[in-house]
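Here's the structure we're looking at; comments come further down.
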Amino acid sequence: MTISNSTAVGADVARELWTRMTLAQAIDERLRRGIASGEFAGVIWPSRGQEAIAAGVGTALRRDDRLVTTYRGLHDLVAKGVPLTEVIGEVLGRSVGASRGKGGTMHITCPDQGVMLCTGIVGAGIPVAVGLALAARQQDRDRVVAVSFGDGATNTGSFHEGMNLASTWQLPVIFVCQNNLYAEMTPIAETMRITQVVDRALAYAMPAQRIDGNDPEAVHEAVSAAAERGRSGGGPTLLECVTYRFKGHYFGDPMRYMPADELAAAEAADPIPRYRQKLIDAGLVPDGELDAINRQSIDQVEQALQEVLAAPEPDLDEIDRDVFSDMKGIPA
Amino acid sequence: MTGQVPVRMPKLSMAAIDGTFVSWLVDDGAPVTAEQPIYVVATDKVETEVPSPATGVLRHGAAQSETAYPVGAELATIETSAESEG
Amino acid sequence: MTTLSEDSTTTQPRTLRYAAALNEALDEALAADPRVFLLGEDLADPAGGVNGVTTGLSTKHGKQRVLDTPISEAAIAGAAIGAAIEGQIPVAEIMIMDFISIAMDMIVNLAAKARFMSGNRTPCPVTIRTASFGGLGSGATHSQTLESWFMHVPGIKVVMPSTPADAKGLLKSAIFDPDPCLFVETVALFGTAGEVPGGDHFVELGVADVKRSGSDVTIVSYGRGVLDSLAAAEVLAGEGIDVEVLDLRTLVPLDLPAVLRSVGRTGRAVVAHYAVEFAGPGAELAARISADLFGQLKAPVARVGGRYRPIPAARNLEQAFYPTPDRIAEAVRATIRFRR
């Protein structure tokens, strides 16, 4: 299983990929800038460097296909189409957030765009994704479910239980491992004996592919193929998308555990300028248009941010809402 | 027309509720550009340079060295003008 | 083990064993709504569940409605939660309550919080059935009664029936409840018989039931504790002590008004449960009764619960662990004797 490179996609898909990558980058950078300077306070787990995966997944799925992602999922969310104000609103705890400020960065839900769950517990999304796929079959729909998680999650019990069940029941789940080579603050070689996450699929007799996660077209193609497999009753797929994260585990992480030369090499291979150059060299999208899309992404993020900053904090009685369907007999 | 952009103590990690102001990197009254480091903060013994939220003239507040301030506390302001607003 | 009732829409009350009452509830739920399905280990025929509770259901409703899973408690709970979020009505089984710790992350961090964290966008109407195997000599990791863990996590309902009628009625209510429900069955009661109403029998969640009226003291209990409390009440009646036994039936939502009404009348309360007494559900009840009825109590609120020990396997040791009618009766007598 060697890393596969992409074949070309058409200009429309290329533009979509570029748009979503720039949007993912813009939201990550603007939030980090504001938190770093004290402009606003929030907690984020940066996704800078992993935009190509988010864009590849977001463009390959239908709107009604499901996505489950993690606390390091803002790139996945915006690439799937979750409105920016809903995402930023949750990060900053305002009433315009997806759950009116009650979920926070780690728990952004947007069923309208197929995002049924985001989790803060590593690996937790995987068994639930299996259930979402089971329901699709029971409801006789051809939706597929993509569940995004990191290399660290593949060591959890939940991952193994979920992989096994999805394969045994042949459910339409696409397991998207965003392997950024670190689990929290520990390098992957210290957390597993195997050298490729994709090898885990053998244990579940599941089709799998290892992809350059920094090539959005390769991700797009692989997810499209996996979706087709799932929709036609061919069961689940594991996709190991190899990437790198530029900003550590959590915002403010001094990253002392990441060798400086390794980080420098990864930054030199930044997927965003790399894809920009590829599109220009291929003559697929002119550089002026690429830059205009990038500016538009930055502007959209800024506009959404200002809308969120102007919005009120949630009502205090929100704490009593949505605990149960009704509060009779429920302690105060 | 000038504006005032507050410089607030950032929340530098998930567990942080405050930060210890260490020192200014830029003098009072000096011009700064957005994202330029303007002071040093220590949290859990890690020192971090904090970037300016805006472009303009830095006006120091009353922050004392080796003193902890809660996240969100105003430490300084940036005076902005219409052309240079960050 | 009875086979499936030929006519579960009978209007006549019948005598059923607790396990058969559970079976009937599941059968009726599966028949009533195509979104209902069961999942868990060994549920389908011929196994029909570890204690036969799901006997006949896969044959009658199809194996697509009664899913056998691998031994994967986290995936069982997680898949049920995912299906519930999509509008299905899953009834997951964690075979033995001690195993529920493997599924805790799913239940505590997802099911209980899905509605709140999503701002009501993704409610989670999952039902998780589990069974306490206490009192059967199974040892420390197959005998626990752990409902207090779930009472402590806001967002999940906790249901624990003591009789066949309540088992059937509460299970049906739990299955069709829009919130996540933990339904705790008691294996030691599976063979007990009782009258079950006919027709489409539902018991509302959050409503306590006076199992025995009395005027001198209230025993507040649930699950197996109710039977011991009734046995204690019989003995005490012979001593001229008139005991009221209040069966909570549901711990969350809690019918506190019923508790306060009863203890407000009798002035004395004993809380009895099979869960460990220390930091158990009785502590919450005792605190609330004491706070709300402080000036009216004739004696401090007493608790009789499991000993604070890992549950031993040897029969005589295990029996020393649990409340008994004798221990409960002695606690009642102490409230009668109490003088300030």
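Labels for the structure tokens follow display order: chains A, B, ..., residues from 1 in each chain, ligands from 1.
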**OP:** Compile the contact shell of Val82 of chain A as a PyMOL selection string: residues with an atom at most 8 Å away, counting only C-alpha atoms, same-chain residues fewer than 6 positions apart removed.
**Re:** chain A and resi 110+113+115
With C-alpha atoms retained, export the selected residues as a compact mmCIF listing (two decimals), in the first residue's frame.
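Saved result, again-v3.txt, follows:
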```txt
# COMPACT_ATOMS: atom_id res chain seq x y z
CA CYS A 110 -25.36 21.05 12.00
CA GLN A 113 -25.28 20.10 6.38
CA VAL A 115 -22.88 17.16 10.58
```
Could the residues of chain B that have an atom at most 8 Å from chain A be listed as CSV, each with its closest atom pair and the distance in Å to one decimal, counting only C-alpha atoms and ordered by chain and ascending residue number?
```
residue,atom,partner,partner_atom,distance
B:Pro6,CA,A:Glu39,CA,7.7
B:Val7,CA,A:Gly38,CA,6.5
B:Arg8,CA,A:Gly38,CA,4.8
B:Met9,CA,A:Gly38,CA,5.3
B:Pro10,CA,A:Gly38,CA,3.7
B:Lys11,CA,A:Ala41,CA,5.7
B:Leu12,CA,A:Gly252,CA,5.3
B:Ser13,CA,A:Gly252,CA,5.4
B:Met14,CA,A:Val43,CA,6.0
B:Glu35,CA,A:Ser37,CA,7.6
B:Val50,CA,A:Ser37,CA,5.7
B:Pro51,CA,A:Ser37,CA,5.0
B:Ser52,CA,A:Ser37,CA,5.8
B:Pro53,CA,A:Ser37,CA,5.4
B:Val71,CA,A:Ala41,CA,7.8
B:Gly72,CA,A:Gly38,CA,6.7
```
Those same residues - C-alpha atoms - I'd like them written as a PDB file, in the first residue's frame.
```pdb
ATOM      1  CA  PRO B   6      -8.003  47.479  23.750  1.00  0.00           C
ATOM      2  CA  VAL B   7      -5.059  45.170  24.381  1.00  0.00           C
ATOM      3  CA  ARG B   8      -6.390  42.374  26.581  1.00  0.00           C
ATOM      4  CA  MET B   9      -4.666  39.517  28.404  1.00  0.00           C
ATOM      5  CA  PRO B  10      -5.061  36.521  26.071  1.00  0.00           C
ATOM      6  CA  LYS B  11      -6.205  33.037  27.022  1.00  0.00           C
ATOM      7  CA  LEU B  12      -3.070  31.182  26.018  1.00  0.00           C
ATOM      8  CA  SER B  13      -4.069  27.614  26.812  1.00  0.00           C
ATOM      9  CA  MET B  14      -7.152  25.627  27.629  1.00  0.00           C
ATOM     10  CA  GLU B  35       0.693  41.135  14.794  1.00  0.00           C
ATOM     11  CA  VAL B  50       1.892  38.572  22.510  1.00  0.00           C
ATOM     12  CA  PRO B  51       1.066  40.181  19.141  1.00  0.00           C
ATOM     13  CA  SER B  52      -0.631  43.523  18.738  1.00  0.00           C
ATOM     14  CA  PRO B  53      -4.309  43.339  17.760  1.00  0.00           C
ATOM     15  CA  VAL B  71      -7.791  36.633  30.905  1.00  0.00           C
ATOM     16  CA  GLY B  72      -9.487  39.589  29.264  1.00  0.00           C
TER      17      GLY B  72
END
```
**OP:** Go through C:Pro70, C:Gly295, C:Gly282, C:Gly56 and flag the residue nearest chain A, using only C-alpha atoms for the distances.
**Re:**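 Using only C-alpha atoms, chain A sits closest to C:Pro70.
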Subject >> Non-local contacts of Pro164 of chain C (8 Å; only C-alpha atoms; under 3 positions in same chain excluded) as JSON, numbers by chain >> reply: {"C": [16, 17, 18, 19, 20, 21, 22, 161, 167, 168, 192, 193, 194, 195, 196]}
Give me the chain C side of the contact with chain A, cut-off 8 Å, one line per residue showing its nearest atom pair and distance in Å at one decimal, counting only C-alpha atoms, sorted by chain and residue number, as CSV.
```
residue,atom,partner,partner_atom,distance
C:Thr69,CA,A:Leu165,CA,7.7
C:Pro70,CA,A:Leu165,CA,7.3
C:Ser72,CA,A:Glu161,CA,5.7
C:Ala74,CA,A:Ser158,CA,6.2
C:Ala75,CA,A:Pro127,CA,4.8
C:Ile76,CA,A:Pro127,CA,7.8
C:Ala77,CA,A:Pro127,CA,7.9
C:Gly78,CA,A:Val128,CA,4.5
C:Ala79,CA,A:Gly131,CA,3.5
C:Ala80,CA,A:Gly131,CA,5.8
C:Ile81,CA,A:Val128,CA,6.1
C:Gly82,CA,A:Gly131,CA,4.1
C:Ala83,CA,A:Gly131,CA,4.6
C:Ile85,CA,A:Leu132,CA,7.5
C:Glu86,CA,A:Ala135,CA,6.3
C:Gly87,CA,A:Ala135,CA,8.0
C:Gln88,CA,A:Ala135,CA,6.6
C:Asp105,CA,A:Ala124,CA,7.5
C:Met106,CA,A:Ala124,CA,7.0
C:Lys113,CA,A:Val323,CA,7.6
C:Arg115,CA,A:Asp322,CA,5.6
C:Phe116,CA,A:Asp322,CA,4.7
C:Met117,CA,A:Gly103,CA,4.2
C:Ser118,CA,A:Ser99,CA,5.0
C:Gly119,CA,A:Ser99,CA,4.1
C:Asn120,CA,A:Asp322,CA,5.6
C:Arg121,CA,A:Pro111,CA,7.1
C:Thr122,CA,A:Met116,CA,7.1
C:Pro154,CA,A:Val323,CA,7.3
C:Gly155,CA,A:Val323,CA,5.5
C:Pro178,CA,A:Ser325,CA,6.6
C:Asp179,CA,A:Phe324,CA,6.1
C:Gly206,CA,A:Gly329,CA,6.3
C:Val252,CA,A:Ile330,CA,6.7
C:Pro253,CA,A:Gly329,CA,4.5
C:Leu254,CA,A:Gly329,CA,4.9
C:Asp255,CA,A:Gly329,CA,5.9
C:Leu256,CA,A:Gly329,CA,7.2
```
Original post:
What separation in Å, quoted to one decimal, exists between atom CA of Val159 of chain C and atom CA of Ala332 of chain A?
Top reply: 19.3 Å
Subject >> Coordinates-based distance that separates atom CA of His249 of chain A from atom CA of Ile293 of chain A (Å, one decimal) >> reply: 28.6 Å
**OP:** Just the residues within 10 Å of Leu263 of chain A, please, counting only C-alpha atoms, with nothing from its chain fewer than 4 positions along; format it as a list in words.
**Re:**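 Close residues of Leu263 of chain A: Tyr244, Arg245, Phe246, Lys247, Gly248, Met255, Met258, Pro259, Glu267, Ala268 and Ala269 of chain A.
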**OP:** Please identify all polymer residues within 12 Å of Thr77 of chain B, counting only C-alpha atoms, omitting same-chain residues fewer than 3 positions from it, and present them as number ranges by chain.
**Re:** A: 37-39; B: 3-9, 28-32, 38, 52-63, 73-74, 80
Original post:
Near Pro312 of chain A, counting only C-alpha atoms, which residues have an atom at most 10 Å away, once you skip same-chain residues fewer than 6 positions from it, shown as a list of chain:residue names?
Top reply: A:Gly93, A:Arg94, A:Ser95, A:Val96, A:Arg100
Among segment 18-252 of chain A, which ones does DSSP assign to alpha helix (DSSP H) (computed from the backbone)? Answer as a compact mmCIF listing (two decimals) with N, CA and C atoms, in the first residue's frame.
```txt
# COMPACT_ATOMS: atom_id res chain seq x y z
N TRP A 18 -10.17 24.46 -3.91
CA TRP A 18 -9.40 25.64 -3.53
C TRP A 18 -10.22 26.52 -2.59
N THR A 19 -11.50 26.71 -2.91
CA THR A 19 -12.35 27.56 -2.08
C THR A 19 -12.41 27.04 -0.65
N ARG A 20 -12.64 25.75 -0.53
CA ARG A 20 -12.78 25.19 0.82
C ARG A 20 -11.46 25.16 1.57
N MET A 21 -10.36 24.95 0.85
CA MET A 21 -9.06 24.98 1.53
C MET A 21 -8.78 26.38 2.06
N THR A 22 -9.07 27.39 1.25
CA THR A 22 -8.77 28.75 1.71
C THR A 22 -9.69 29.15 2.87
N LEU A 23 -10.92 28.66 2.81
CA LEU A 23 -11.86 28.96 3.91
C LEU A 23 -11.36 28.31 5.21
N ALA A 24 -10.91 27.07 5.12
CA ALA A 24 -10.41 26.36 6.30
C ALA A 24 -9.17 27.07 6.85
N GLN A 25 -8.30 27.50 5.97
CA GLN A 25 -7.10 28.21 6.43
C GLN A 25 -7.49 29.55 7.06
N ALA A 26 -8.42 30.24 6.42
CA ALA A 26 -8.79 31.58 6.89
C ALA A 26 -9.39 31.53 8.29
N ILE A 27 -10.26 30.56 8.55
CA ILE A 27 -10.90 30.53 9.86
C ILE A 27 -9.88 30.17 10.93
N ASP A 28 -8.98 29.26 10.62
CA ASP A 28 -7.97 28.85 11.60
C ASP A 28 -7.05 30.02 11.93
N GLU A 29 -6.60 30.72 10.89
CA GLU A 29 -5.64 31.81 11.12
C GLU A 29 -6.29 32.99 11.83
N ARG A 30 -7.52 33.31 11.44
CA ARG A 30 -8.16 34.47 12.06
C ARG A 30 -8.48 34.20 13.53
N LEU A 31 -8.91 33.00 13.84
CA LEU A 31 -9.20 32.68 15.23
C LEU A 31 -7.91 32.66 16.05
N ARG A 32 -6.84 32.08 15.50
CA ARG A 32 -5.59 32.06 16.27
C ARG A 32 -5.06 33.46 16.48
N ARG A 33 -5.20 34.30 15.47
CA ARG A 33 -4.69 35.67 15.60
C ARG A 33 -5.44 36.40 16.72
N GLY A 34 -6.76 36.26 16.72
CA GLY A 34 -7.55 36.95 17.72
C GLY A 34 -7.31 36.43 19.13
N ILE A 35 -7.13 35.12 19.25
CA ILE A 35 -6.88 34.56 20.58
C ILE A 35 -5.49 34.95 21.04
N ALA A 36 -4.53 34.93 20.14
CA ALA A 36 -3.14 35.24 20.51
C ALA A 36 -2.98 36.66 21.00
N SER A 37 -3.72 37.59 20.42
CA SER A 37 -3.54 38.99 20.79
C SER A 37 -4.47 39.39 21.92
N GLU A 51 -5.82 21.23 5.66
CA GLU A 51 -6.96 21.72 4.88
C GLU A 51 -7.30 20.84 3.68
N ALA A 52 -6.31 20.22 3.09
CA ALA A 52 -6.56 19.43 1.88
C ALA A 52 -7.51 18.27 2.16
N ILE A 53 -7.37 17.67 3.32
CA ILE A 53 -8.25 16.55 3.68
C ILE A 53 -9.68 17.04 3.81
N ALA A 54 -9.83 18.13 4.54
CA ALA A 54 -11.17 18.67 4.75
C ALA A 54 -11.84 19.00 3.42
N ALA A 55 -11.08 19.63 2.53
CA ALA A 55 -11.66 20.02 1.24
C ALA A 55 -11.99 18.80 0.39
N GLY A 56 -11.11 17.82 0.41
CA GLY A 56 -11.36 16.60 -0.38
C GLY A 56 -12.61 15.87 0.09
N VAL A 57 -12.78 15.79 1.41
CA VAL A 57 -13.96 15.13 1.97
C VAL A 57 -15.20 15.96 1.68
N GLY A 58 -15.12 17.25 1.94
CA GLY A 58 -16.28 18.13 1.79
C GLY A 58 -16.82 18.18 0.37
N THR A 59 -15.93 18.13 -0.61
CA THR A 59 -16.39 18.21 -2.00
C THR A 59 -16.90 16.86 -2.50
N ALA A 60 -16.39 15.78 -1.94
CA ALA A 60 -16.78 14.45 -2.44
C ALA A 60 -18.11 13.98 -1.87
N LEU A 74 -12.52 22.23 12.84
CA LEU A 74 -13.11 23.43 12.23
C LEU A 74 -12.92 23.41 10.71
N HIS A 75 -11.80 22.89 10.25
CA HIS A 75 -11.58 22.80 8.79
C HIS A 75 -12.60 21.86 8.15
N ASP A 76 -12.86 20.72 8.82
CA ASP A 76 -13.85 19.78 8.29
C ASP A 76 -15.23 20.42 8.23
N LEU A 77 -15.58 21.18 9.27
CA LEU A 77 -16.91 21.75 9.35
C LEU A 77 -17.14 22.78 8.26
N VAL A 78 -16.19 23.71 8.08
CA VAL A 78 -16.44 24.74 7.07
C VAL A 78 -16.39 24.14 5.67
N ALA A 79 -15.59 23.12 5.49
CA ALA A 79 -15.51 22.48 4.17
C ALA A 79 -16.78 21.68 3.87
N LYS A 80 -17.49 21.27 4.91
CA LYS A 80 -18.75 20.53 4.69
C LYS A 80 -19.90 21.49 4.47
N LEU A 84 -20.36 29.82 8.75
CA LEU A 84 -19.23 30.32 9.54
C LEU A 84 -19.67 30.92 10.87
N THR A 85 -20.80 31.63 10.88
CA THR A 85 -21.24 32.23 12.14
C THR A 85 -21.59 31.15 13.16
N GLU A 86 -22.11 30.03 12.68
CA GLU A 86 -22.45 28.96 13.62
C GLU A 86 -21.18 28.36 14.23
N VAL A 87 -20.14 28.23 13.41
CA VAL A 87 -18.88 27.66 13.91
C VAL A 87 -18.20 28.65 14.86
N ILE A 88 -18.00 29.87 14.38
CA ILE A 88 -17.29 30.86 15.19
C ILE A 88 -18.10 31.19 16.44
N GLY A 89 -19.43 31.21 16.28
CA GLY A 89 -20.30 31.48 17.42
C GLY A 89 -20.13 30.46 18.55
N GLU A 90 -19.92 29.21 18.20
CA GLU A 90 -19.69 28.20 19.24
C GLU A 90 -18.32 28.38 19.86
N VAL A 91 -17.31 28.67 19.04
CA VAL A 91 -15.95 28.84 19.58
C VAL A 91 -15.92 29.99 20.59
N GLY A 125 -16.35 9.32 18.15
CA GLY A 125 -17.23 9.49 17.01
C GLY A 125 -17.41 8.21 16.19
N ILE A 126 -16.47 7.30 16.35
CA ILE A 126 -16.46 6.14 15.46
C ILE A 126 -17.64 5.19 15.67
N PRO A 127 -17.92 4.76 16.90
CA PRO A 127 -19.10 3.91 17.06
C PRO A 127 -20.40 4.61 16.69
N VAL A 128 -20.49 5.89 16.95
CA VAL A 128 -21.71 6.61 16.61
C VAL A 128 -21.87 6.70 15.10
N ALA A 129 -20.78 6.88 14.39
CA ALA A 129 -20.83 6.91 12.92
C ALA A 129 -21.39 5.60 12.39
N VAL A 130 -21.02 4.50 13.02
CA VAL A 130 -21.55 3.19 12.62
C VAL A 130 -23.07 3.18 12.78
N GLY A 131 -23.55 3.77 13.86
CA GLY A 131 -24.99 3.85 14.09
C GLY A 131 -25.69 4.73 13.08
N LEU A 132 -25.06 5.82 12.69
CA LEU A 132 -25.65 6.70 11.68
C LEU A 132 -25.80 5.93 10.37
N ALA A 133 -24.81 5.12 10.05
CA ALA A 133 -24.85 4.34 8.82
C ALA A 133 -25.90 3.23 8.91
N LEU A 134 -26.01 2.63 10.06
CA LEU A 134 -27.04 1.61 10.28
C LEU A 134 -28.42 2.21 10.04
N ALA A 135 -28.64 3.39 10.56
CA ALA A 135 -29.93 4.06 10.38
C ALA A 135 -30.19 4.35 8.91
N ALA A 136 -29.18 4.75 8.17
CA ALA A 136 -29.36 5.02 6.75
C ALA A 136 -29.87 3.77 6.04
N ARG A 137 -29.28 2.63 6.37
CA ARG A 137 -29.73 1.38 5.77
C ARG A 137 -31.16 1.07 6.20
N GLN A 138 -31.45 1.24 7.50
CA GLN A 138 -32.79 0.92 8.01
C GLN A 138 -33.84 1.83 7.38
N GLY A 157 -10.16 1.78 22.04
CA GLY A 157 -11.09 0.66 21.94
C GLY A 157 -12.25 0.98 21.01
N SER A 158 -12.73 2.20 21.10
CA SER A 158 -13.87 2.60 20.28
C SER A 158 -13.57 2.44 18.79
N PHE A 159 -12.36 2.80 18.39
CA PHE A 159 -11.99 2.65 16.97
C PHE A 159 -12.11 1.19 16.55
N HIS A 160 -11.52 0.31 17.33
CA HIS A 160 -11.51 -1.10 16.94
C HIS A 160 -12.91 -1.70 16.98
N GLU A 161 -13.68 -1.34 18.00
CA GLU A 161 -15.05 -1.86 18.06
C GLU A 161 -15.86 -1.36 16.87
N GLY A 162 -15.69 -0.09 16.53
CA GLY A 162 -16.46 0.50 15.43
C GLY A 162 -16.05 -0.06 14.08
N MET A 163 -14.75 -0.19 13.86
CA MET A 163 -14.26 -0.75 12.59
C MET A 163 -14.81 -2.17 12.40
N ASN A 164 -14.71 -2.96 13.46
CA ASN A 164 -15.16 -4.35 13.38
C ASN A 164 -16.65 -4.43 13.08
N LEU A 165 -17.43 -3.61 13.77
CA LEU A 165 -18.88 -3.68 13.58
C LEU A 165 -19.26 -3.20 12.18
N ALA A 166 -18.64 -2.12 11.72
CA ALA A 166 -18.95 -1.60 10.38
C ALA A 166 -18.63 -2.63 9.32
N SER A 167 -17.52 -3.31 9.50
CA SER A 167 -17.13 -4.31 8.50
C SER A 167 -18.02 -5.54 8.59
N THR A 168 -18.28 -6.02 9.80
CA THR A 168 -19.11 -7.22 9.98
C THR A 168 -20.50 -6.98 9.40
N PRO A 216 -5.35 17.56 -2.25
CA PRO A 216 -6.82 17.57 -2.13
C PRO A 216 -7.50 16.73 -3.20
N GLU A 217 -6.90 16.64 -4.36
CA GLU A 217 -7.54 15.86 -5.42
C GLU A 217 -7.47 14.37 -5.11
N ALA A 218 -6.35 13.94 -4.56
CA ALA A 218 -6.23 12.52 -4.17
C ALA A 218 -7.26 12.18 -3.11
N VAL A 219 -7.45 13.09 -2.17
CA VAL A 219 -8.44 12.84 -1.12
C VAL A 219 -9.84 12.80 -1.74
N HIS A 220 -10.10 13.77 -2.59
CA HIS A 220 -11.41 13.83 -3.25
C HIS A 220 -11.73 12.54 -3.99
N GLU A 221 -10.77 12.07 -4.77
CA GLU A 221 -10.97 10.84 -5.55
C GLU A 221 -11.21 9.64 -4.64
N ALA A 222 -10.40 9.55 -3.59
CA ALA A 222 -10.51 8.39 -2.69
C ALA A 222 -11.85 8.40 -1.96
N VAL A 223 -12.27 9.57 -1.49
CA VAL A 223 -13.54 9.64 -0.78
C VAL A 223 -14.69 9.36 -1.74
N SER A 224 -14.60 9.87 -2.96
CA SER A 224 -15.65 9.61 -3.96
C SER A 224 -15.79 8.12 -4.22
N ALA A 225 -14.66 7.46 -4.36
CA ALA A 225 -14.70 6.01 -4.61
C ALA A 225 -15.28 5.27 -3.40
N ALA A 226 -14.89 5.69 -2.22
CA ALA A 226 -15.40 5.04 -1.01
C ALA A 226 -16.89 5.28 -0.86
N ALA A 227 -17.34 6.47 -1.22
CA ALA A 227 -18.77 6.79 -1.14
C ALA A 227 -19.55 5.92 -2.12
N GLU A 228 -19.01 5.77 -3.30
CA GLU A 228 -19.66 4.91 -4.30
C GLU A 228 -19.76 3.47 -3.79
N ARG A 229 -18.67 3.02 -3.19
CA ARG A 229 -18.67 1.66 -2.63
C ARG A 229 -19.77 1.55 -1.56
N GLY A 230 -19.82 2.51 -0.67
CA GLY A 230 -20.80 2.47 0.41
C GLY A 230 -22.23 2.53 -0.11
N ARG A 231 -22.46 3.44 -1.05
CA ARG A 231 -23.82 3.60 -1.57
C ARG A 231 -24.32 2.35 -2.29
```
**OP:** Can you work out the spacing between atom CA of Arg268 of chain C and atom CA of Gly238 of chain C in Å, to one decimal?
**Re:**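 Straight-line distance from atom CA of Arg268 of chain C to atom CA of Gly238 of chain C works out to 18.7 Å.
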Going by DSSP on the backbone, which residues of segment 45-232 of chain C come out as strand (DSSP E or B)? List them as a compact mmCIF listing (two decimals) with N, CA and C atoms, in the first residue's frame.
```txt
# COMPACT_ATOMS: atom_id res chain seq x y z
N VAL C 66 -33.83 -7.51 15.32
CA VAL C 66 -33.19 -8.00 16.55
C VAL C 66 -31.76 -8.37 16.16
N LEU C 67 -30.86 -7.42 16.36
CA LEU C 67 -29.49 -7.57 15.83
C LEU C 67 -28.56 -8.16 16.88
N ASP C 68 -27.88 -9.23 16.51
CA ASP C 68 -26.82 -9.77 17.35
C ASP C 68 -25.53 -9.01 17.07
N ILE C 89 -35.55 4.09 16.68
CA ILE C 89 -35.86 3.88 18.11
C ILE C 89 -35.12 2.63 18.56
N PRO C 90 -33.83 2.77 18.85
CA PRO C 90 -33.03 1.60 19.21
C PRO C 90 -33.18 1.25 20.69
N VAL C 91 -33.16 -0.05 20.95
CA VAL C 91 -33.15 -0.55 22.32
C VAL C 91 -31.90 -1.43 22.42
N ALA C 92 -30.86 -0.86 23.00
CA ALA C 92 -29.59 -1.58 23.11
C ALA C 92 -29.56 -2.34 24.42
N GLU C 93 -28.89 -3.47 24.43
CA GLU C 93 -28.76 -4.22 25.68
C GLU C 93 -27.29 -4.31 26.07
N ILE C 94 -27.01 -3.95 27.32
CA ILE C 94 -25.72 -4.25 27.94
C ILE C 94 -26.03 -5.41 28.87
N THR C 127 -32.73 3.84 24.16
CA THR C 127 -33.00 3.11 25.40
C THR C 127 -31.90 2.08 25.57
N ILE C 128 -31.31 2.07 26.75
CA ILE C 128 -30.28 1.07 27.05
C ILE C 128 -30.81 0.21 28.17
N ARG C 129 -31.04 -1.07 27.86
CA ARG C 129 -31.46 -2.04 28.87
C ARG C 129 -30.21 -2.69 29.45
N THR C 130 -30.22 -2.89 30.75
CA THR C 130 -29.13 -3.64 31.36
C THR C 130 -29.70 -4.39 32.56
N ALA C 131 -28.95 -5.36 33.07
CA ALA C 131 -29.49 -6.17 34.16
C ALA C 131 -28.49 -6.28 35.29
N SER C 132 -29.00 -6.08 36.50
CA SER C 132 -28.16 -6.31 37.68
C SER C 132 -28.25 -7.78 38.04
N LYS C 157 -32.32 9.44 31.77
CA LYS C 157 -33.35 8.97 32.69
C LYS C 157 -32.96 7.58 33.21
N VAL C 158 -33.36 7.29 34.44
CA VAL C 158 -32.97 6.03 35.06
C VAL C 158 -34.22 5.36 35.59
N VAL C 159 -34.50 4.16 35.08
CA VAL C 159 -35.75 3.47 35.37
C VAL C 159 -35.42 2.11 35.96
N CYS C 181 -32.81 6.77 27.95
CA CYS C 181 -33.24 6.08 29.16
C CYS C 181 -32.35 4.90 29.44
N LEU C 182 -31.93 4.78 30.69
CA LEU C 182 -31.25 3.57 31.16
C LEU C 182 -32.29 2.76 31.89
N PHE C 183 -32.56 1.55 31.43
CA PHE C 183 -33.59 0.70 32.01
C PHE C 183 -32.89 -0.45 32.72
N VAL C 184 -32.98 -0.47 34.05
CA VAL C 184 -32.23 -1.46 34.82
C VAL C 184 -33.14 -2.58 35.27
N GLU C 185 -32.87 -3.77 34.77
CA GLU C 185 -33.65 -4.95 35.15
C GLU C 185 -32.93 -5.67 36.29
N THR C 186 -33.64 -6.45 37.04
CA THR C 186 -33.04 -7.18 38.17
C THR C 186 -33.23 -8.67 37.95
N ALA C 193 -43.59 -13.51 39.94
CA ALA C 193 -44.82 -13.38 39.15
C ALA C 193 -45.68 -12.26 39.70
N GLY C 194 -46.48 -11.70 38.85
CA GLY C 194 -47.38 -10.64 39.28
C GLY C 194 -48.43 -10.39 38.23
N GLU C 195 -49.47 -9.71 38.62
CA GLU C 195 -50.54 -9.42 37.68
C GLU C 195 -50.13 -8.27 36.78
N VAL C 196 -50.31 -8.47 35.48
CA VAL C 196 -49.97 -7.45 34.49
C VAL C 196 -51.26 -7.02 33.80
N ASP C 209 -45.07 4.73 43.15
CA ASP C 209 -46.27 3.91 43.37
C ASP C 209 -46.28 3.40 44.81
N VAL C 210 -47.38 3.61 45.49
CA VAL C 210 -47.50 3.08 46.85
C VAL C 210 -47.82 1.60 46.73
N LYS C 211 -46.85 0.77 47.11
CA LYS C 211 -47.06 -0.67 46.98
C LYS C 211 -47.79 -1.22 48.21
N ARG C 212 -47.69 -0.47 49.32
CA ARG C 212 -48.39 -0.87 50.53
C ARG C 212 -48.67 0.40 51.31
N VAL C 217 -44.59 4.62 59.27
CA VAL C 217 -43.25 4.86 58.69
C VAL C 217 -43.32 4.59 57.20
N THR C 218 -42.50 5.33 56.44
CA THR C 218 -42.43 5.12 54.98
C THR C 218 -41.10 4.47 54.65
N ILE C 219 -41.18 3.35 53.94
CA ILE C 219 -39.95 2.81 53.35
C ILE C 219 -39.96 3.24 51.89
N VAL C 220 -38.93 3.98 51.50
CA VAL C 220 -38.78 4.41 50.11
C VAL C 220 -37.81 3.43 49.47
N SER C 221 -38.22 2.80 48.39
CA SER C 221 -37.35 1.81 47.77
C SER C 221 -37.63 1.73 46.28
```
